[in-house]
Structure formats: C-alpha cells, structure tokens
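File shown: target.cif. Contents: mmCIF, C-alpha atoms.
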```
data_upload
loop_
_atom_site.group_PDB
_atom_site.id
_atom_site.type_symbol
_atom_site.label_atom_id
_atom_site.label_comp_id
_atom_site.auth_asym_id
_atom_site.auth_seq_id
_atom_site.Cartn_x
_atom_site.Cartn_y
_atom_site.Cartn_z
ATOM 1 C CA MET A 24 62.085 49.908 -11.456
ATOM 2 C CA ALA A 25 63.015 47.034 -13.776
ATOM 3 C CA PRO A 26 60.108 45.076 -15.229
ATOM 4 C CA SER A 27 59.265 41.610 -13.947
ATOM 5 C CA PHE A 28 60.013 38.899 -16.506
ATOM 6 C CA ARG A 29 58.673 35.381 -16.101
ATOM 7 C CA LYS A 30 61.331 32.688 -16.443
ATOM 8 C CA LEU A 31 60.066 29.793 -18.535
ATOM 9 C CA GLU A 32 61.766 26.497 -17.783
ATOM 10 C CA ASP A 33 59.144 24.119 -19.127
ATOM 11 C CA ALA A 34 58.678 23.151 -22.778
ATOM 12 C CA GLN A 35 54.900 23.032 -22.286
ATOM 13 C CA LEU A 36 54.871 26.740 -21.372
ATOM 14 C CA LEU A 37 56.899 27.617 -24.463
ATOM 15 C CA ARG A 38 54.549 25.578 -26.642
ATOM 16 C CA ALA A 39 51.535 27.322 -25.071
ATOM 17 C CA MET A 40 52.947 30.661 -26.221
ATOM 18 C CA ALA A 41 53.891 29.394 -29.708
ATOM 19 C CA HIS A 42 50.675 30.587 -31.316
ATOM 20 C CA PRO A 43 50.389 33.829 -33.296
ATOM 21 C CA MET A 44 47.126 34.929 -31.636
ATOM 22 C CA ARG A 45 48.486 34.312 -28.136
ATOM 23 C CA LEU A 46 51.640 36.280 -28.891
ATOM 24 C CA ARG A 47 49.601 39.184 -30.230
ATOM 25 C CA LEU A 48 47.253 39.092 -27.226
ATOM 26 C CA MET A 49 50.180 39.083 -24.803
ATOM 27 C CA GLY A 50 51.933 41.881 -26.642
ATOM 28 C CA THR A 51 48.800 44.015 -26.668
ATOM 29 C CA LEU A 52 48.091 43.471 -22.966
ATOM 30 C CA ARG A 53 51.704 44.198 -22.033
ATOM 31 C CA ARG A 54 51.914 47.346 -24.138
ATOM 32 C CA ASP A 55 48.422 48.793 -23.785
ATOM 33 C CA GLY A 56 47.269 47.447 -20.432
ATOM 34 C CA PRO A 57 44.150 45.565 -19.327
ATOM 35 C CA ALA A 58 41.314 44.923 -21.786
ATOM 36 C CA THR A 59 38.287 42.739 -22.372
ATOM 37 C CA ALA A 60 38.196 39.980 -24.997
ATOM 38 C CA SER A 61 35.912 42.170 -27.127
ATOM 39 C CA MET A 62 38.282 45.126 -26.950
ATOM 40 C CA LEU A 63 41.204 42.893 -27.894
ATOM 41 C CA ALA A 64 39.215 41.368 -30.757
ATOM 42 C CA ARG A 65 38.602 44.845 -32.224
ATOM 43 C CA ARG A 66 42.260 45.874 -31.820
ATOM 44 C CA LEU A 67 43.526 42.685 -33.456
ATOM 45 C CA ASP A 68 40.730 42.403 -36.038
ATOM 46 C CA GLU A 69 39.747 38.972 -34.726
ATOM 47 C CA SER A 70 36.531 37.463 -33.388
ATOM 48 C CA SER A 71 35.797 37.843 -29.682
ATOM 49 C CA GLY A 72 35.233 34.068 -29.533
ATOM 50 C CA ALA A 73 38.809 33.447 -30.740
ATOM 51 C CA THR A 74 40.283 36.011 -28.372
ATOM 52 C CA SER A 75 38.268 34.573 -25.444
ATOM 53 C CA TYR A 76 39.460 31.061 -26.242
ATOM 54 C CA HIS A 77 43.123 32.059 -26.402
ATOM 55 C CA LEU A 78 42.843 34.225 -23.279
ATOM 56 C CA ARG A 79 41.557 31.170 -21.386
ATOM 57 C CA ILE A 80 44.559 29.147 -22.625
ATOM 58 C CA LEU A 81 46.911 31.942 -21.530
ATOM 59 C CA ALA A 82 45.182 32.067 -18.134
ATOM 60 C CA LYS A 83 45.531 28.295 -17.749
ATOM 61 C CA TYR A 84 49.316 28.699 -17.995
ATOM 62 C CA GLY A 85 49.464 31.831 -15.837
ATOM 63 C CA PHE A 86 50.353 34.318 -18.586
ATOM 64 C CA VAL A 87 47.229 36.440 -18.035
ATOM 65 C CA ALA A 88 44.975 37.006 -15.048
ATOM 66 C CA ASP A 89 41.621 38.559 -14.274
ATOM 67 C CA ASP A 90 41.812 42.277 -13.608
ATOM 68 C CA SER A 91 39.211 41.937 -10.858
ATOM 69 C CA GLU A 92 39.202 45.673 -10.067
ATOM 70 C CA ARG A 93 37.731 46.365 -13.528
ATOM 71 C CA ASN A 94 35.358 43.384 -13.850
ATOM 72 C CA ARG A 95 31.687 44.387 -13.869
ATOM 73 C CA GLY A 96 28.881 41.899 -14.338
ATOM 74 C CA ARG A 97 29.644 39.671 -17.307
ATOM 75 C CA GLU A 98 32.411 42.004 -18.522
ATOM 76 C CA ARG A 99 35.713 40.236 -17.860
ATOM 77 C CA TRP A 100 38.924 42.238 -17.997
ATOM 78 C CA TRP A 101 42.295 40.617 -18.528
ATOM 79 C CA ARG A 102 45.797 41.811 -17.695
ATOM 80 C CA ALA A 103 49.253 40.466 -18.426
ATOM 81 C CA ALA A 104 50.628 38.623 -15.410
ATOM 82 C CA ASP A 105 54.169 39.933 -16.045
ATOM 83 C CA ALA A 106 56.101 42.388 -18.217
ATOM 84 C CA GLY A 107 57.641 39.697 -20.397
ATOM 85 C CA MET A 108 59.157 36.266 -20.483
ATOM 86 C CA GLU A 109 62.611 34.833 -20.798
ATOM 87 C CA TRP A 110 64.031 31.360 -21.178
ATOM 88 C CA SER A 111 67.319 29.708 -21.851
ATOM 89 C CA ILE A 112 68.216 27.352 -24.657
ATOM 90 C CA ASP A 113 71.344 26.312 -22.759
ATOM 91 C CA THR A 114 70.021 22.764 -22.682
ATOM 92 C CA ASP A 115 70.205 19.467 -24.504
ATOM 93 C CA ASP A 116 66.546 18.734 -23.720
ATOM 94 C CA ARG A 117 64.982 18.005 -27.148
ATOM 95 C CA GLY A 118 61.539 19.059 -25.933
ATOM 96 C CA MET A 119 62.807 22.492 -24.860
ATOM 97 C CA LEU A 120 64.743 22.938 -28.101
ATOM 98 C CA GLU A 121 61.726 22.007 -30.235
ATOM 99 C CA ALA A 122 59.445 24.263 -28.171
ATOM 100 C CA ASP A 123 61.951 27.113 -28.499
ATOM 101 C CA ARG A 124 62.056 26.620 -32.252
ATOM 102 C CA ALA A 125 58.242 26.741 -32.484
ATOM 103 C CA LEU A 126 57.988 29.845 -30.300
ATOM 104 C CA GLY A 127 61.007 31.477 -31.932
ATOM 105 C CA LEU A 128 59.513 31.115 -35.405
ATOM 106 C CA GLN A 129 56.261 32.698 -34.209
ATOM 107 C CA LEU A 130 58.199 35.558 -32.616
ATOM 108 C CA VAL A 131 60.105 36.166 -35.857
ATOM 109 C CA ALA A 132 56.781 36.343 -37.718
ATOM 110 C CA GLU A 133 55.433 38.856 -35.185
ATOM 111 C CA TYR A 134 58.605 40.979 -35.289
ATOM 112 C CA THR A 135 58.437 40.910 -39.086
ATOM 113 C CA ARG A 136 54.883 42.315 -38.915
ATOM 114 C CA TRP A 137 56.141 45.171 -36.707
ATOM 115 C CA ILE A 138 59.049 45.987 -39.007
ATOM 116 C CA GLU A 139 56.898 45.799 -42.128
ATOM 117 C CA ARG A 140 54.384 48.179 -40.543
ATOM 118 C CA TRP A 141 57.186 50.642 -39.720
ATOM 119 C CA HIS A 142 58.393 50.619 -43.318
ATOM 120 C CA ARG A 143 54.850 51.004 -44.715
ATOM 121 C CA GLU A 144 54.182 53.980 -42.400
ATOM 122 C CA LEU A 145 57.662 55.504 -42.702
ATOM 123 C CA PRO A 146 56.696 58.414 -45.010
ATOM 124 C CA GLU A 147 53.962 59.453 -42.552
ATOM 125 C CA TRP A 148 56.386 59.882 -39.637
ATOM 126 C CA ASP A 149 57.934 63.229 -38.808
ATOM 127 C CA ARG A 150 61.520 63.552 -39.993
ATOM 128 C CA ARG A 151 62.814 63.661 -36.375
ATOM 129 C CA TRP A 152 61.411 60.161 -35.793
ATOM 130 C CA ARG A 153 62.750 58.840 -39.094
ATOM 131 C CA ALA A 154 66.196 60.223 -38.211
ATOM 132 C CA ALA A 155 66.073 58.655 -34.742
ATOM 133 C CA ALA A 156 65.203 55.167 -35.984
ATOM 134 C CA THR A 157 67.862 52.711 -37.090
ATOM 135 C CA SER A 158 68.397 49.258 -38.450
ATOM 136 C CA THR A 159 71.567 47.339 -39.008
ATOM 137 C CA ASP A 160 72.975 43.924 -39.570
ATOM 138 C CA GLN A 161 76.593 43.232 -38.854
ATOM 139 C CA TRP A 162 78.822 40.180 -38.896
ATOM 140 C CA PHE A 163 81.619 39.343 -36.509
ATOM 141 C CA GLU A 164 83.920 36.391 -35.941
ATOM 142 C CA LEU A 165 83.239 35.505 -32.293
ATOM 143 C CA THR A 166 83.748 32.701 -29.818
ATOM 144 C CA PRO A 167 80.719 31.531 -27.779
ATOM 145 C CA ALA A 168 82.027 33.603 -24.829
ATOM 146 C CA GLU A 169 82.371 36.714 -26.999
ATOM 147 C CA LEU A 170 78.862 36.250 -28.412
ATOM 148 C CA ARG A 171 77.520 35.930 -24.856
ATOM 149 C CA GLY A 172 79.433 39.082 -23.913
ATOM 150 C CA LEU A 173 77.973 41.015 -26.852
ATOM 151 C CA SER A 174 74.460 39.903 -25.904
ATOM 152 C CA ASP A 175 74.986 40.813 -22.249
ATOM 153 C CA GLU A 176 76.265 44.284 -23.159
ATOM 154 C CA VAL A 177 73.309 45.034 -25.430
ATOM 155 C CA LEU A 178 70.860 43.746 -22.808
ATOM 156 C CA ALA A 179 72.535 45.992 -20.214
ATOM 157 C CA VAL A 180 71.993 49.007 -22.483
ATOM 158 C CA LEU A 181 68.321 48.071 -22.917
ATOM 159 C CA ALA A 182 67.970 47.663 -19.141
ATOM 160 C CA ARG A 183 69.061 51.286 -18.678
ATOM 161 C CA TYR A 184 65.831 52.285 -20.457
ATOM 162 C CA ALA A 185 63.543 50.089 -18.324
ATOM 163 C CA ASP A 186 62.008 53.131 -16.612
ATOM 164 C CA LYS A 187 60.951 54.556 -19.993
ATOM 165 C CA ARG A 188 57.895 52.326 -20.413
ATOM 166 C CA VAL A 189 55.334 54.909 -19.284
ATOM 167 C CA ARG A 190 53.938 57.334 -21.842
ATOM 168 C CA ARG A 191 55.215 60.885 -21.410
ATOM 169 C CA GLU A 192 54.777 64.104 -23.356
ATOM 170 C CA ASP A 193 56.426 64.025 -26.806
ATOM 171 C CA THR A 194 57.027 60.257 -26.713
ATOM 172 C CA GLU A 195 55.978 57.465 -29.026
ATOM 173 C CA ARG A 196 56.316 53.764 -28.400
ATOM 174 C CA ALA A 197 59.772 52.667 -29.550
ATOM 175 C CA VAL A 198 60.559 49.028 -30.282
ATOM 176 C CA ALA A 199 63.994 47.422 -30.077
ATOM 177 C CA VAL A 200 64.353 43.891 -31.426
ATOM 178 C CA PHE A 201 67.733 42.291 -30.849
ATOM 179 C CA TYR A 202 69.053 38.960 -32.065
ATOM 180 C CA ALA A 203 72.603 37.685 -31.775
ATOM 181 C CA PHE A 204 73.262 34.137 -32.987
ATOM 182 C CA PRO A 205 75.836 31.999 -34.774
ATOM 183 C CA GLN A 206 75.496 31.304 -38.461
ATOM 184 C CA ARG A 207 76.948 28.325 -40.299
ATOM 185 C CA ARG A 208 79.288 29.151 -43.155
ATOM 186 C CA ALA A 209 78.512 27.957 -46.658
ATOM 187 C CA GLU A 210 80.674 25.042 -47.697
ATOM 188 C CA PRO A 211 83.551 26.156 -49.984
#
```
Can you present the structure in this file as structure tokens?
Amino acid sequence: MAPSFRKLEDAQLLRAMAHPMRLRLMGTLRRDGPATASMLARRLDESSGATSYHLRILAKYGFVADDSERNRGRERWWRAADAGMEWSIDTDDRGMLEADRALGLQLVAEYTRWIERWHRELPEWDRRWRAAATSTDQWFELTPAELRGLSDEVLAVLARYADKRVRREDTERAVAVFYAFPQRRAEP
C-alpha cells in the first residue's frame, strides 16, 4: 500500500516545518515510529524541553498526534500523522515561494547531514552495501515539460518500492534523495 502524504497548500504550514529540529523530529517519527519527547531528545542529542516545545508546534499544525494507545500517566507518546508531505511550487504566490525557499534550505541541510554521515561511515559498511549504493549528478538540456517528465518517471520508480518500508531480514534503511531543477547558465 502506498504511503499517505499530506498535501501542503498553505505557506504557514511550510514555514512551520522550516526548522531544523522539527524536520529531524518528523524524520525520526516517520522512520522509527512513535516515541516520547525524552526518547526523541536522546536520539537527537537535544534537551527534552526543546523536543517537547517543537512537538507541540508540530501538533498545533497537525504534523504529529498523540499515540493514545501508548500514553501512560504523564508519559506522552507522539506519532507522525502521515508518511510524508508534498507541496507544489507551481504558484506565483510570494508567500508560498518564500516559505518553500525556507523549508527547502532546511531540507538541503538535513539531506547534507545524511550524506555526510554515509561518507564518514562508508569504510565500516560491508562491501555489498558499498557496491549497492550510488551517487550521481548529470546535466541535460530540457524543456519544462521534459523536466516534469523526468521527475515523474523517477517518482514512479520510487513508488514501486513503497511497500519496502517495513524492516525485513537482511535489510538496512536505504535513503533516496532526488532533486531535478533548472540551473541558470553563467553569462558568456
């Protein structure tokens, strides 16, 4: 079954997510499942006060919810409200574009942390995993329609793996980060 992604159509929601701690909290809850603020603080090497504060902000905007089945006494468990989020920048709304830029820059910083960690740990990984991993950057001369087509094709390939989000024997978490965007040429 394909994961449920929340469609963000409001600049305020994008801005609410444009904080490094909130992105890390959301990523951890989505990947590892429900947790308490204290558990998240230990995983992220942050204070439980900071994680509690940002969890309340995320709850205010509907990104996280109480995991009432796990709550006991004062122990409050949180879960991600959805498997991910998506939004479109097919707009001329300045607020949405500015909010996308703020969130996008935070996402790039988070993805950079992931990639840097992979490269730091690379020698520790079994050769099979090193051989299976890849990275590339490629340039093409495309029209907007061709760029959209490329993006749609890659997203369709990723969608074919949607049922591979549950841990199985001999698996490790695999991360795919995909960007496709135009780039201005340098002036001659």
Practice task
Report the residues retrieved by the PyMOL selection byres ((chain A and resi 35-48) around 7) from the displayed file, expressed as a PyMOL selection string.
Solution key: chain A and resi 31+33-34+49-52+77+84+122-123+125-126+129
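Taking atom CA of Val177 of chain A as the reference point, atom CA of Gly56 of chain A is found at 26.6 Å.
Comparing A:Glu32, A:Thr159, A:Ser174, A:Arg97 by their smallest distance to Ile112 of chain A, the closest is A:Glu32 (using only C-alpha atoms).
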> By how many Å are atom CA of Arg99 of chain A and atom CA of Ser61 of chain A apart?
Replying inline: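 Going from atom CA of Arg99 of chain A over to atom CA of Ser61 of chain A covers 9.5 Å.
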Given the choices A:Ala64, A:Leu170, A:Arg29, A:Trp152, which gets closest to Ala104 of chain A if the distance is worked out from all atoms listed in the file?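 Using all atoms listed in the file, Ala104 of chain A sits closest to A:Arg29.
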